[in-house]
Amino acid sequence: MFQFEKEQKTCSFGGVTFGGQPGDYPTVVCNSIFQKGDKIFPGKRKDGFDEKMAADLLKTQDRLTEETGIPGMADIVANTGKEFKTFIDFVVANTDMPFCIDAWTLKPKLEAAAYCAEKGLLDRMFYNSITVWEQDLDTEISEMAKIGVKNVLLVAFNQEDQMPTGRISGTQKLLDAIEKNGAQFENVFVDTSVMNGPATALCGLANKLIKEKWGLPTGSAPSNGSYMWKEAREKWGFKGWAAADAALESLSAFMNHDIIFSGPMVGAQRIMPAIAMANAFQATAVYSETGRLPKDSNHPLFKLFPDFVENLKNI
């Protein structure tokens with residue numbers, strides 16, 4: 001259950017490593033900032049954001065990384081290249097964590113990637129993302145290659161086959177497009193597209209198939225499922241919904257997720273401790289089955305439960 005025969009690849013950039021065999025490295029938590037509805041915008045988006053609030057969010061995530069051993073990343077969301085420049089400058093001025101550039105349309109993503117190249121930031125930036133539904137995939141990939149993008153997320157889905165097998169065909173389509181355009185990226189990992197909360201289990205199973213076939217690091221965005229579940233807030237209020245959200249993220253971390261896109265950064269204080277416990281839980285199960293302890297000395301199992309680790313070694 002906790003050992004793949006296929007050699008597992010790792011991604012390392014911006015001081016963060018993820019991938020490998022289950023339990024080797026902690027799950028990376030990528031929280032969004034500057035997204036639509038983010039409370040750091042006190043008024044209209046064009047009128048600017050609350051810099052102190054935004055800086056506090058980044059500092060809190062950095063503190064939680066130090067306390068839990070869970071690496072944090074910033075998912076910078078923007079609508080235009082101009083917005084990206086402002087937001088990227090702000091993030092890199094306030095934290096050393098790696099970040100991704102996230103936009104719905106092609107033009108601002110490419111403009112943001114080019115800006116990162118200009119600023120020497122490609123080593124800590126990943127491109128979020130190339131998708132199976134992009135209409136001009138060849139142009140996107142070739143432009144990314146010209147810019148020198150090093151780290152890329154593939155969003156794999158197949159509308160005709162929404163079971164885990166459909167994510168395999170979706171991944172294959174994107175890998176074929178990369179090869180067709182002669183692009184070579186240093187780090188490639190796959191997001192297997194969340195539809196709702198319970199369907200995130202299909203992502204975990206799809207990730208297992210992807211790891212067995214290609215050995216690539218995998219993840220998804222469980223928050224897409226929990227944040228769409230409006231009925232939970234209506235029935236149980238914020239605390240009830242937050243418990244369900246943390247549970248969904250934690251289950252995903254246990255089930256073949258090297259990276260999790262966990263929603264707005266304001267939720268980091270809820271999510272990162274939950275993921276830390278899930279990772280410690282998983283690493284203990286891995287040790288019981290394989291005798292392997294995590295490769296990362298900063299793993300939550302070591303960081304939060306050092307006495308228990310020593311006991312494990314003597315059992």
# chains A, B, ... in the order shown; residues from 1 in each chain; ligands from 1

call {"tool": "closest_atom_pairs", "arguments": {"of": "segment 187-274 of chain A", "to": "segment 46-54 of chain A", "cutoff": "12 Å", "atoms": "only C-alpha atoms", "output": "CSV"}}
result
residue,atom,partner,partner_atom,distance
A:Pro264,CA,A:Ala54,CA,11.5
A:Met265,CA,A:Ala54,CA,9.3
A:Val266,CA,A:Ala54,CA,9.6

call {"tool": "closest_atom_pairs", "arguments": {"of": "segment 48-120 of chain A", "to": "segment 243-261 of chain A", "cutoff": "12 Å", "atoms": "only C-alpha atoms", "output": "CSV"}}
result
residue,atom,partner,partner_atom,distance
A:Ile70,CA,A:Ile259,CA,10.4
A:Pro71,CA,A:Ile259,CA,9.5
A:Gly72,CA,A:Ile259,CA,9.7
A:Met73,CA,A:Phe261,CA,9.2
A:Ala74,CA,A:Phe261,CA,9.6
A:Asp75,CA,A:Phe261,CA,8.2
A:Ile76,CA,A:Phe261,CA,11.7
A:Phe99,CA,A:Phe261,CA,11.8
A:Cys100,CA,A:Phe261,CA,10.9
A:Asp102,CA,A:Phe261,CA,11.5

call {"tool": "select_by_dssp", "arguments": {"residues": "segment 67-313 of chain A", "states": "helix (DSSP H, G or I)", "output": "PyMOL selection string"}}
result
chain A and resi 67-68+81-94+106-118+137-147+164-180+200-213+222-228+230-254+265-290+300-304+306-313

call {"tool": "closest_residue", "arguments": {"among": "A:Tyr227, A:Lys180, A:Glu310, A:Leu122", "to": "Gly267 of chain A", "atoms": "only C-alpha atoms"}}
result
A:Tyr227

call {"tool": "closest_residue", "arguments": {"among": "A:Ile130, A:Leu110, A:Val16, A:Ile101", "to": "Lys173 of chain A", "atoms": "only C-alpha atoms"}}
result
A:Ile130

call {"tool": "residues_around", "arguments": {"residues": "segment 276-288 of chain A", "least_positions_apart": "5", "cutoff": "6 Å", "atoms": "only C-alpha atoms", "output": "CSV table (one decimal) with all heavy atoms, in the first residue's frame"}}
result
chain,number,residue,atom,x,y,z
A,2,PHE,N,2.1,1.2,0.5
A,2,PHE,CA,2.9,2.4,0.7
A,2,PHE,C,4.2,2.3,0.0
A,2,PHE,O,5.2,3.0,0.3
A,2,PHE,CB,3.1,2.6,2.2
A,2,PHE,CG,1.9,2.9,3.0
A,2,PHE,CD1,1.4,2.0,3.9
A,2,PHE,CD2,1.2,4.1,2.8
A,2,PHE,CE1,0.2,2.2,4.6
A,2,PHE,CE2,0.0,4.3,3.5
A,2,PHE,CZ,-0.5,3.4,4.4
A,23,GLY,N,5.2,9.1,2.2
A,23,GLY,CA,5.8,9.3,3.5
A,23,GLY,C,7.2,9.9,3.4
A,23,GLY,O,7.8,10.3,4.4
A,250,SER,N,-7.1,16.6,4.9
A,250,SER,CA,-6.3,15.6,5.5
A,250,SER,C,-6.4,14.2,4.9
A,250,SER,O,-5.4,13.5,4.7
A,250,SER,CB,-6.7,15.5,7.0
A,250,SER,OG,-6.5,16.7,7.7
A,254,PHE,N,-3.3,12.0,2.9
A,254,PHE,CA,-3.0,10.6,3.1
A,254,PHE,C,-3.1,9.8,1.9
A,254,PHE,O,-2.3,8.8,1.7
A,254,PHE,CB,-4.0,10.0,4.2
A,254,PHE,CG,-3.7,8.6,4.5
A,254,PHE,CD1,-2.7,8.3,5.4
A,254,PHE,CD2,-4.4,7.6,3.9
A,254,PHE,CE1,-2.5,6.9,5.7
A,254,PHE,CE2,-4.2,6.3,4.2
A,254,PHE,CZ,-3.2,5.9,5.2
A,293,LEU,N,11.4,5.5,7.4
A,293,LEU,CA,11.1,6.8,8.0
A,293,LEU,C,11.2,7.9,6.9
A,293,LEU,O,11.9,7.6,5.9
A,293,LEU,CB,12.0,7.1,9.2
A,293,LEU,CG,11.6,6.3,10.5
A,293,LEU,CD1,12.8,6.4,11.5
A,293,LEU,CD2,10.3,6.7,11.0
A,300,PRO,N,6.8,16.4,9.6
A,300,PRO,CA,6.0,16.6,10.8
A,300,PRO,C,6.2,15.5,11.8
A,300,PRO,O,6.1,15.7,13.0
A,300,PRO,CB,4.6,16.7,10.3
A,300,PRO,CG,4.7,17.3,9.0
A,300,PRO,CD,6.0,16.7,8.4
A,301,LEU,N,6.4,14.2,11.4
A,301,LEU,CA,6.6,13.1,12.3
A,301,LEU,C,7.8,13.4,13.2
A,301,LEU,O,7.7,13.2,14.4
A,301,LEU,CB,6.8,11.8,11.6
A,301,LEU,CG,6.9,10.6,12.5
A,301,LEU,CD1,5.7,10.3,13.3
A,301,LEU,CD2,7.2,9.3,11.6

call {"tool": "closest_residue", "arguments": {"among": "A:Gln21, A:Asn151, A:Ser223, A:Asn94", "to": "Lys295 of chain A", "atoms": "only C-alpha atoms"}}
result
A:Gln21

call {"tool": "closest_residue", "arguments": {"among": "A:Met163, A:Ala232, A:Leu58, A:Ala242", "to": "Cys203 of chain A", "atoms": "only C-alpha atoms"}}
result
A:Met163
